[in-house]
file work-v5.txt (compact mmCIF, C-alpha atoms and all ligand atoms)
# COMPACT_ATOMS: atom_id res chain seq x y z
CA MET A 1 7.17 -7.44 -19.60
CA SER A 2 7.73 -6.35 -15.98
CA PRO A 3 4.97 -7.23 -13.55
CA LEU A 4 2.45 -4.49 -12.87
CA ILE A 5 2.88 -3.36 -9.28
CA GLY A 6 0.33 -1.16 -7.56
CA LEU A 7 1.66 1.43 -5.13
CA ILE A 8 -1.27 1.98 -2.80
CA THR A 9 -1.42 5.34 -1.03
CA CYS A 10 -3.32 4.22 2.06
CA SER A 11 -4.05 7.54 3.78
CA GLN A 12 -7.15 9.34 2.66
CA ARG A 13 -7.11 12.61 4.64
CA SER A 14 -6.73 16.10 3.32
CA PRO A 15 -4.09 17.41 3.73
CA ARG A 16 -1.79 14.43 4.13
CA ALA A 17 1.78 13.23 3.66
CA GLY A 18 0.87 10.00 1.83
CA PRO A 19 1.25 11.14 -1.81
CA GLN A 20 4.72 12.64 -1.19
CA ILE A 21 5.85 9.42 0.46
CA THR A 22 4.37 7.27 -2.31
CA THR A 23 6.25 9.39 -4.88
CA PHE A 24 9.45 8.96 -2.85
CA ILE A 25 9.02 5.17 -2.99
CA GLN A 26 8.29 5.33 -6.73
CA THR A 27 11.34 7.48 -7.61
CA THR A 28 13.56 5.38 -5.34
CA ILE A 29 12.55 2.19 -7.17
CA LEU A 30 12.77 3.73 -10.64
CA THR A 31 16.35 4.93 -10.15
CA SER A 32 17.55 1.35 -9.62
CA HIS A 33 14.85 -0.48 -11.66
CA PRO A 34 14.08 1.92 -14.54
CA THR A 35 11.80 -0.56 -16.31
CA ALA A 36 9.67 -1.25 -13.23
CA ASN A 37 5.99 -1.06 -14.06
CA LEU A 38 4.54 0.93 -11.15
CA ASN A 39 1.05 2.33 -10.91
CA ILE A 40 -0.08 4.59 -8.09
CA ILE A 41 -3.46 3.69 -6.61
CA ASP A 42 -4.56 6.57 -4.38
CA LEU A 43 -7.34 5.59 -1.98
CA ALA A 44 -8.37 9.24 -1.68
CA GLU A 45 -9.12 9.28 -5.41
CA TRP A 46 -11.07 6.04 -5.14
CA ASN A 47 -12.93 7.39 -2.10
CA LEU A 48 -14.80 4.12 -1.59
CA PRO A 49 -17.83 4.29 0.74
CA MET A 50 -17.69 2.19 3.88
CA TYR A 51 -18.16 -1.42 2.80
CA ASN A 52 -21.72 -1.71 1.54
CA GLU A 53 -21.96 -4.87 -0.54
CA PRO A 54 -24.53 -7.47 0.58
CA GLY A 55 -22.17 -10.37 -0.15
CA ILE A 56 -19.07 -11.83 1.49
CA PRO A 57 -16.18 -11.29 -0.94
CA SER A 58 -14.49 -14.63 -0.25
CA TYR A 59 -17.71 -16.38 -1.43
CA ILE A 60 -17.90 -14.36 -4.63
CA THR A 61 -16.39 -15.97 -7.69
CA SER A 62 -17.15 -13.42 -10.39
CA ALA A 63 -17.06 -9.62 -10.38
CA ASP A 64 -20.57 -9.72 -11.92
CA GLU A 65 -21.84 -10.73 -8.48
CA TYR A 66 -20.92 -7.39 -6.97
CA VAL A 67 -23.91 -5.11 -6.67
CA HIS A 68 -22.28 -1.68 -6.80
CA GLU A 69 -20.47 -0.07 -9.70
CA HIS A 70 -17.73 1.22 -7.38
CA THR A 71 -17.01 -2.37 -6.29
CA LYS A 72 -16.87 -3.62 -9.88
CA ALA A 73 -14.45 -0.82 -10.81
CA TRP A 74 -12.29 -1.46 -7.72
CA SER A 75 -12.30 -5.19 -8.52
CA ARG A 76 -11.06 -4.52 -12.08
CA GLU A 77 -8.35 -2.20 -10.79
CA ILE A 78 -6.95 -4.66 -8.25
CA ALA A 79 -7.35 -7.70 -10.53
CA ARG A 80 -5.08 -6.19 -13.21
CA HIS A 81 -2.09 -5.86 -10.86
CA ASP A 82 0.44 -8.61 -10.09
CA ALA A 83 1.59 -7.33 -6.68
CA PHE A 84 1.22 -4.36 -4.35
CA ILE A 85 3.20 -2.01 -2.17
CA PHE A 86 1.04 -0.63 0.63
CA VAL A 87 2.31 2.79 1.70
CA THR A 88 0.61 3.31 5.03
CA PRO A 89 0.77 5.76 7.92
CA GLN A 90 0.25 4.69 11.51
CA TYR A 91 -2.82 6.13 13.22
CA ASN A 92 -3.12 5.42 16.96
CA TRP A 93 -1.01 2.26 16.84
CA GLY A 94 -2.85 0.84 13.82
CA TYR A 95 -3.30 1.31 10.08
CA PRO A 96 -5.95 3.78 8.82
CA ALA A 97 -9.53 2.59 8.34
CA SER A 98 -9.32 3.58 4.65
CA VAL A 99 -7.00 0.70 3.78
CA LYS A 100 -8.96 -1.93 5.76
CA ASN A 101 -12.13 -0.80 3.98
CA ALA A 102 -10.45 -0.99 0.58
CA ILE A 103 -9.13 -4.48 1.30
CA ASP A 104 -12.44 -5.80 2.67
CA TYR A 105 -14.31 -5.03 -0.57
CA LEU A 106 -12.50 -7.84 -2.40
CA PHE A 107 -10.90 -11.23 -1.84
CA HIS A 108 -9.99 -13.20 -4.97
CA GLU A 109 -8.50 -10.10 -6.57
CA TRP A 110 -5.90 -10.00 -3.74
CA LYS A 111 -5.47 -13.74 -3.21
CA GLY A 112 -2.04 -15.21 -3.99
CA LYS A 113 -0.42 -11.89 -4.84
CA PRO A 114 2.83 -10.78 -3.22
CA ALA A 115 2.84 -7.59 -1.16
CA LEU A 116 5.24 -5.26 0.58
CA VAL A 117 4.24 -2.96 3.42
CA VAL A 118 5.99 0.40 3.75
CA SER A 119 4.91 2.27 6.88
CA TYR A 120 5.68 5.72 8.20
CA GLY A 121 5.24 7.53 11.49
CA GLY A 122 6.94 9.09 14.47
CA HIS A 123 8.51 5.70 15.23
CA GLY A 124 8.24 4.26 11.73
CA GLY A 125 4.72 2.90 11.96
CA GLY A 126 5.80 -0.64 12.82
CA LYS A 127 2.60 -1.47 14.71
CA ALA A 128 0.46 -0.47 11.72
CA ALA A 129 2.71 -2.49 9.41
CA GLY A 130 2.50 -5.62 11.58
CA GLN A 131 -1.28 -5.44 11.81
CA LEU A 132 -1.66 -4.77 8.09
CA ARG A 133 0.57 -7.74 7.31
CA GLU A 134 -1.79 -9.98 9.32
CA VAL A 135 -4.79 -8.71 7.34
CA LEU A 136 -2.96 -9.34 4.05
CA LEU A 137 -2.42 -12.93 5.17
CA GLY A 138 -6.15 -13.05 5.89
CA VAL A 139 -6.98 -12.32 2.25
CA ARG A 140 -4.37 -14.95 1.34
CA MET A 141 -1.82 -12.53 -0.04
CA ARG A 142 1.88 -13.30 0.18
CA PRO A 143 3.40 -10.43 2.14
CA LEU A 144 7.20 -10.33 2.34
CA GLU A 145 8.69 -11.39 5.65
CA ALA A 146 8.28 -8.87 8.47
CA GLU A 147 12.04 -8.08 8.48
CA ARG A 148 11.75 -6.87 4.89
CA MET A 149 9.04 -4.34 5.64
CA VAL A 150 10.26 -0.78 5.33
CA GLN A 151 9.62 1.55 8.27
CA LEU A 152 10.12 5.25 7.62
CA ARG A 153 10.60 7.26 10.81
CA PHE A 154 10.08 11.01 10.90
CA PRO A 155 13.25 12.49 12.41
CA ASP A 156 11.54 14.75 14.96
CA ARG A 157 8.25 16.17 16.19
CA GLU A 158 8.44 19.16 13.86
CA GLU A 159 8.57 16.86 10.84
CA VAL A 160 5.62 14.82 12.14
CA ILE A 161 3.57 18.00 12.43
CA LYS A 162 4.70 19.25 9.03
CA ALA A 163 3.90 15.88 7.44
CA ALA A 164 0.43 15.82 9.00
CA ARG A 165 -0.26 19.21 7.43
CA GLY A 166 0.92 18.04 4.02
CA GLY A 167 4.01 20.30 4.13
CA GLU A 168 6.86 19.78 1.68
CA MET A 169 9.36 17.39 3.30
CA GLY A 170 12.10 17.60 0.66
CA LEU A 171 12.29 13.81 0.36
CA GLU A 172 13.54 13.96 -3.22
CA LYS A 173 16.46 16.25 -2.38
CA GLU A 174 19.93 14.83 -2.09
CA GLY A 175 20.48 14.29 1.63
CA GLY A 176 16.73 14.29 2.33
CA PHE A 177 16.05 12.71 5.73
CA TRP A 178 15.15 9.31 4.28
CA ALA A 179 18.02 9.12 1.76
CA GLY A 180 19.50 6.30 3.85
CA GLU A 181 16.30 4.27 3.46
CA ARG A 182 16.52 4.07 -0.31
CA GLU A 183 18.69 0.96 -0.34
CA GLY A 184 16.30 -0.99 1.89
CA ILE A 185 13.40 0.00 -0.35
CA ARG A 186 15.25 -1.23 -3.44
CA VAL A 187 16.20 -4.53 -1.82
CA ALA A 188 12.61 -5.10 -0.70
CA PHE A 189 11.35 -4.23 -4.19
CA ALA A 190 13.73 -6.75 -5.80
CA GLU A 191 12.41 -9.38 -3.41
CA LEU A 192 8.84 -8.48 -4.31
CA VAL A 193 9.61 -8.98 -8.02
CA ASP A 194 11.22 -12.35 -7.20
CA ALA A 195 8.05 -13.30 -5.34
CA VAL A 196 5.94 -12.45 -8.41
CA GLU A 197 8.21 -14.60 -10.56
CA ALA A 198 7.85 -17.45 -8.08
CA VAL A 199 4.04 -17.18 -8.35
CA ASP A 200 4.27 -17.15 -12.16
CA GLY A 201 6.54 -20.21 -11.99
CA GLU A 202 3.91 -22.09 -9.98
CA GLY A 203 1.30 -21.36 -12.64
CA ALA A 204 3.55 -22.35 -15.54
C1 LIG B 1 -5.30 10.29 13.63
C2 LIG B 1 -3.80 10.26 13.69
C3 LIG B 1 -3.18 9.38 14.55
C4 LIG B 1 -1.79 9.26 14.55
N1 LIG B 1 -1.20 8.31 15.33
C5 LIG B 1 0.13 8.08 15.21
C6 LIG B 1 0.73 6.96 15.84
O1 LIG B 1 0.11 6.13 16.49
N2 LIG B 1 2.06 6.78 15.69
C7 LIG B 1 2.81 7.63 14.93
O2 LIG B 1 4.02 7.40 14.80
N3 LIG B 1 2.27 8.70 14.31
C8 LIG B 1 0.95 8.94 14.43
N4 LIG B 1 0.38 9.99 13.76
C9 LIG B 1 1.24 10.91 13.01
C10 LIG B 1 1.35 10.47 11.55
O3 LIG B 1 2.47 9.64 11.41
C11 LIG B 1 1.50 11.69 10.65
O4 LIG B 1 0.45 12.62 10.92
C12 LIG B 1 1.43 11.35 9.18
O5 LIG B 1 1.54 12.55 8.43
C13 LIG B 1 0.10 10.66 8.83
O6 LIG B 1 0.08 10.27 7.48
P1 LIG B 1 -0.86 11.03 6.42
O7 LIG B 1 -0.47 12.51 6.50
O8 LIG B 1 -0.46 10.44 5.10
O9 LIG B 1 -2.25 10.80 6.80
C14 LIG B 1 -1.00 10.12 13.74
C15 LIG B 1 -1.65 11.02 12.90
C16 LIG B 1 -3.03 11.08 12.84
C17 LIG B 1 -3.68 12.05 11.89

call {"tool": "encode", "arguments": {"input": "work-v5.txt", "output": "C-alpha cells", "more": "lines below"}}
Ligand SMILES: Cc1cc2nc3c(=O)[nH]c(=O)nc-3n(C[C@H](O)[C@H](O)[C@H](O)COP(=O)(O)O)c2cc1C
result
Amino acid sequence: MSPLIGLITCSQRSPRAGPQITTFIQTTILTSHPTANLNIIDLAEWNLPMYNEPGIPSYITSADEYVHEHTKAWSREIARHDAFIFVTPQYNWGYPASVKNAIDYLFHEWKGKPALVVSYGGHGGGKAAGQLREVLLGVRMRPLEAERMVQLRFPDREEVIKAARGGEMGLEKEGGFWAGEREGIRVAFAELVDAVEAVDGEGA
C-alpha cells in the first residue's frame, strides 16, 4: 500500500491560484507514479479559526485533550497521513498566515513525518519556502533538503495578476509555462516516498 500523502493547499483567499497549482502538482505526480496515494487538504475548506485552544500542542499526548471539535477533526485528518506536500504562495516575503495557523494547532500529528515544500510566486516564493521549512523543523517534521524544494515562478507580471484573481493559467496544457518543472516535482516526490520508507524502516 502506497503511503498516504497529503497535498496541502496553503492559501485560503477567494479567489486564489492555490487549487489550480495543487491540481498541477497532483497530475504531475500521478503521470509518473500512477499508484501514488494523494489526498488534497484545502485549508480554505477547513477554514480553521485563529488558534484558540487553551493548551500547548507539544504538551498534549491525546486528541481527547483538545477542547474544540474543529481541533479534534483537524488532528484526525493530519494523523492519518504519512507525509505532506505543502503547496504555498509567498505573501510579502513570507508564507500565508493560514498555513502557520493550521500547523500551530497540532504537534504530535506532524512529528517525524517527511514533508516537501512547493512554493510559487513572482520569483518562485523561495523566501516563503525557506521560512516554512524552518517551522516544519520546529514541529519536528522531516522536510526534504532545501535544494529539493520546488519553486514555481510566474513568467511575468500579467500571470501574477491573473493568478491572484484565480484566472485559468493553462497549467495542464502541453507546453504550459511550468511544463519544465514537472521533472523536478517528480524527483522530489520520489525522494519524499523514500523518506517515508526510511521512517517505516526505523519503526520496524
Ligand atoms: C498579500 C499578497 C502578498 C504577495 N506578496 C508576494 C511576494 O512577496 N512575492 C511574490 O512573488 N508574490 C507575491 N504575491 C503574489 C502571489 O504570488 C500571487 O498573488 C499568487 O496568486 C498568490 O497565491 P494565491 O492566489 O493562491 O493566494 C502576493 C500576493 C498577495 C495576495

call {"tool": "residues_near_ligand", "arguments": {"input": "work-v5.txt", "ligand": "ligand LIG 1 (chain B)", "cutoff": "10 Å", "atoms": "all atoms listed in the file", "output": "VMD selection string"}}
result
chain A and resid 9 to 22 87 to 96 119 to 128 152 to 154 157 159 to 167

call {"tool": "closest_residue", "arguments": {"input": "work-v5.txt", "among": "A:Thr71, A:Val139, A:Glu134, A:Phe177", "to": "Pro155 of chain A", "atoms": "all atoms listed in the file"}}
result
A:Phe177

call {"tool": "closest_residue", "arguments": {"input": "work-v5.txt", "among": "A:Gly176, A:Ile78, A:Val199, A:Glu53", "to": "Tyr66 of chain A", "atoms": "all atoms listed in the file"}}
result
A:Glu53

call {"tool": "atom_distance", "arguments": {"input": "work-v5.txt", "atom1": "atom CA of Asn52 of chain A", "atom2": "atom CA of Val117 of chain A"}}
result
26.1 Å

call {"tool": "closest_residue", "arguments": {"input": "work-v5.txt", "among": "A:Glu168, A:Glu158, A:Asp82, A:Glu147", "to": "Glu197 of chain A", "atoms": "all atoms listed in the file"}}
result
A:Asp82

call {"tool": "atom_distance", "arguments": {"input": "work-v5.txt", "atom1": "atom CA of Trp46 of chain A", "atom2": "atom CA of Ala115 of chain A"}}
result
19.9 Å

call {"tool": "closest_residue", "arguments": {"input": "work-v5.txt", "among": "A:Pro49, A:Gly55, A:Pro114, A:Gly130", "to": "Pro3 of chain A", "atoms": "all atoms listed in the file"}}
result
A:Pro114

call {"tool": "atom_distance", "arguments": {"input": "work-v5.txt", "atom1": "atom CA of Ile41 of chain A", "atom2": "atom CA of Leu192 of chain A"}}
result
17.5 Å

call {"tool": "residues_around", "arguments": {"input": "work-v5.txt", "residues": "His108 of chain A", "least_positions_apart": "3", "cutoff": "12 Å", "atoms": "all atoms listed in the file", "output": "list in words"}}
result
Ile56, Pro57, Ser58, Tyr59, Ile60, Thr61, Ser62, Ala63, Ser75, Arg76, Ile78, Ala79, Arg80, Ile103, Asp104, Tyr105, Lys111, Gly112, Lys113, Gly138, Val139, Arg140 and Met141 of chain A

call {"tool": "write_last_selection", "arguments": {"input": "work-v5.txt", "atoms": "C-alpha atoms", "output": "short mmCIF file (atom, residue, chain, number, x, y, z; two decimals), in the coordinates of the input"}}
result
data_model
loop_
_atom_site.label_atom_id
_atom_site.label_comp_id
_atom_site.auth_asym_id
_atom_site.auth_seq_id
_atom_site.Cartn_x
_atom_site.Cartn_y
_atom_site.Cartn_z
CA ILE A 56 -19.07 -11.83 1.49
CA PRO A 57 -16.18 -11.29 -0.94
CA SER A 58 -14.49 -14.63 -0.25
CA TYR A 59 -17.71 -16.38 -1.43
CA ILE A 60 -17.90 -14.36 -4.63
CA THR A 61 -16.39 -15.97 -7.69
CA SER A 62 -17.15 -13.42 -10.39
CA ALA A 63 -17.06 -9.62 -10.38
CA SER A 75 -12.30 -5.19 -8.52
CA ARG A 76 -11.06 -4.52 -12.08
CA ILE A 78 -6.95 -4.66 -8.25
CA ALA A 79 -7.35 -7.70 -10.53
CA ARG A 80 -5.08 -6.19 -13.21
CA ILE A 103 -9.13 -4.48 1.30
CA ASP A 104 -12.44 -5.80 2.67
CA TYR A 105 -14.31 -5.03 -0.57
CA LYS A 111 -5.47 -13.74 -3.21
CA GLY A 112 -2.04 -15.21 -3.99
CA LYS A 113 -0.42 -11.89 -4.84
CA GLY A 138 -6.15 -13.05 5.89
CA VAL A 139 -6.98 -12.32 2.25
CA ARG A 140 -4.37 -14.95 1.34
CA MET A 141 -1.82 -12.53 -0.04
#

call {"tool": "residues_near_point", "arguments": {"input": "work-v5.txt", "point": "(17.4, 2.1, 1.5)", "cutoff": "12 Å", "atoms": "all atoms listed in the file", "output": "PDB file with C-alpha atoms, in the frame of the given file"}}
result
ATOM      1  CA  PHE A  24       9.450   8.960  -2.850  1.00  0.00           C
ATOM      2  CA  ILE A  25       9.020   5.170  -2.990  1.00  0.00           C
ATOM      3  CA  THR A  28      13.560   5.380  -5.340  1.00  0.00           C
ATOM      4  CA  ILE A  29      12.550   2.190  -7.170  1.00  0.00           C
ATOM      5  CA  SER A  32      17.550   1.350  -9.620  1.00  0.00           C
ATOM      6  CA  VAL A 118       5.990   0.400   3.750  1.00  0.00           C
ATOM      7  CA  ARG A 148      11.750  -6.870   4.890  1.00  0.00           C
ATOM      8  CA  MET A 149       9.040  -4.340   5.640  1.00  0.00           C
ATOM      9  CA  VAL A 150      10.260  -0.780   5.330  1.00  0.00           C
ATOM     10  CA  GLN A 151       9.620   1.550   8.270  1.00  0.00           C
ATOM     11  CA  LEU A 152      10.120   5.250   7.620  1.00  0.00           C
ATOM     12  CA  PHE A 177      16.050  12.710   5.730  1.00  0.00           C
ATOM     13  CA  TRP A 178      15.150   9.310   4.280  1.00  0.00           C
ATOM     14  CA  ALA A 179      18.020   9.120   1.760  1.00  0.00           C
ATOM     15  CA  GLY A 180      19.500   6.300   3.850  1.00  0.00           C
ATOM     16  CA  GLU A 181      16.300   4.270   3.460  1.00  0.00           C
ATOM     17  CA  ARG A 182      16.520   4.070  -0.310  1.00  0.00           C
ATOM     18  CA  GLU A 183      18.690   0.960  -0.340  1.00  0.00           C
ATOM     19  CA  GLY A 184      16.300  -0.990   1.890  1.00  0.00           C
ATOM     20  CA  ILE A 185      13.400   0.000  -0.350  1.00  0.00           C
ATOM     21  CA  ARG A 186      15.250  -1.230  -3.440  1.00  0.00           C
ATOM     22  CA  VAL A 187      16.200  -4.530  -1.820  1.00  0.00           C
ATOM     23  CA  ALA A 188      12.610  -5.100  -0.700  1.00  0.00           C
ATOM     24  CA  PHE A 189      11.350  -4.230  -4.190  1.00  0.00           C
TER      25      PHE A 189
END

call {"tool": "closest_residue", "arguments": {"input": "work-v5.txt", "among": "A:Ile5, A:Lys100, A:Arg142, A:Ala129", "to": "His81 of chain A", "atoms": "only C-alpha atoms"}}
result
A:Ile5

call {"tool": "residues_near_point", "arguments": {"input": "work-v5.txt", "point": "(-17.1, 2.8, -5.4)", "cutoff": "9 Å", "atoms": "only C-alpha atoms", "output": "list in words"}}
result
Trp46, Asn47, Leu48, Pro49, His68, Glu69, His70, Thr71, Lys72, Ala73 and Trp74 of chain A

call {"tool": "write_last_selection", "arguments": {"input": "work-v5.txt", "atoms": "C-alpha atoms", "output": "PDB file, in the coordinates of the input"}}
result
ATOM      1  CA  TRP A  46     -11.070   6.040  -5.140  1.00  0.00           C
ATOM      2  CA  ASN A  47     -12.930   7.390  -2.100  1.00  0.00           C
ATOM      3  CA  LEU A  48     -14.800   4.120  -1.590  1.00  0.00           C
ATOM      4  CA  PRO A  49     -17.830   4.290   0.740  1.00  0.00           C
ATOM      5  CA  HIS A  68     -22.280  -1.680  -6.800  1.00  0.00           C
ATOM      6  CA  GLU A  69     -20.470  -0.070  -9.700  1.00  0.00           C
ATOM      7  CA  HIS A  70     -17.730   1.220  -7.380  1.00  0.00           C
ATOM      8  CA  THR A  71     -17.010  -2.370  -6.290  1.00  0.00           C
ATOM      9  CA  LYS A  72     -16.870  -3.620  -9.880  1.00  0.00           C
ATOM     10  CA  ALA A  73     -14.450  -0.820 -10.810  1.00  0.00           C
ATOM     11  CA  TRP A  74     -12.290  -1.460  -7.720  1.00  0.00           C
TER      12      TRP A  74
END
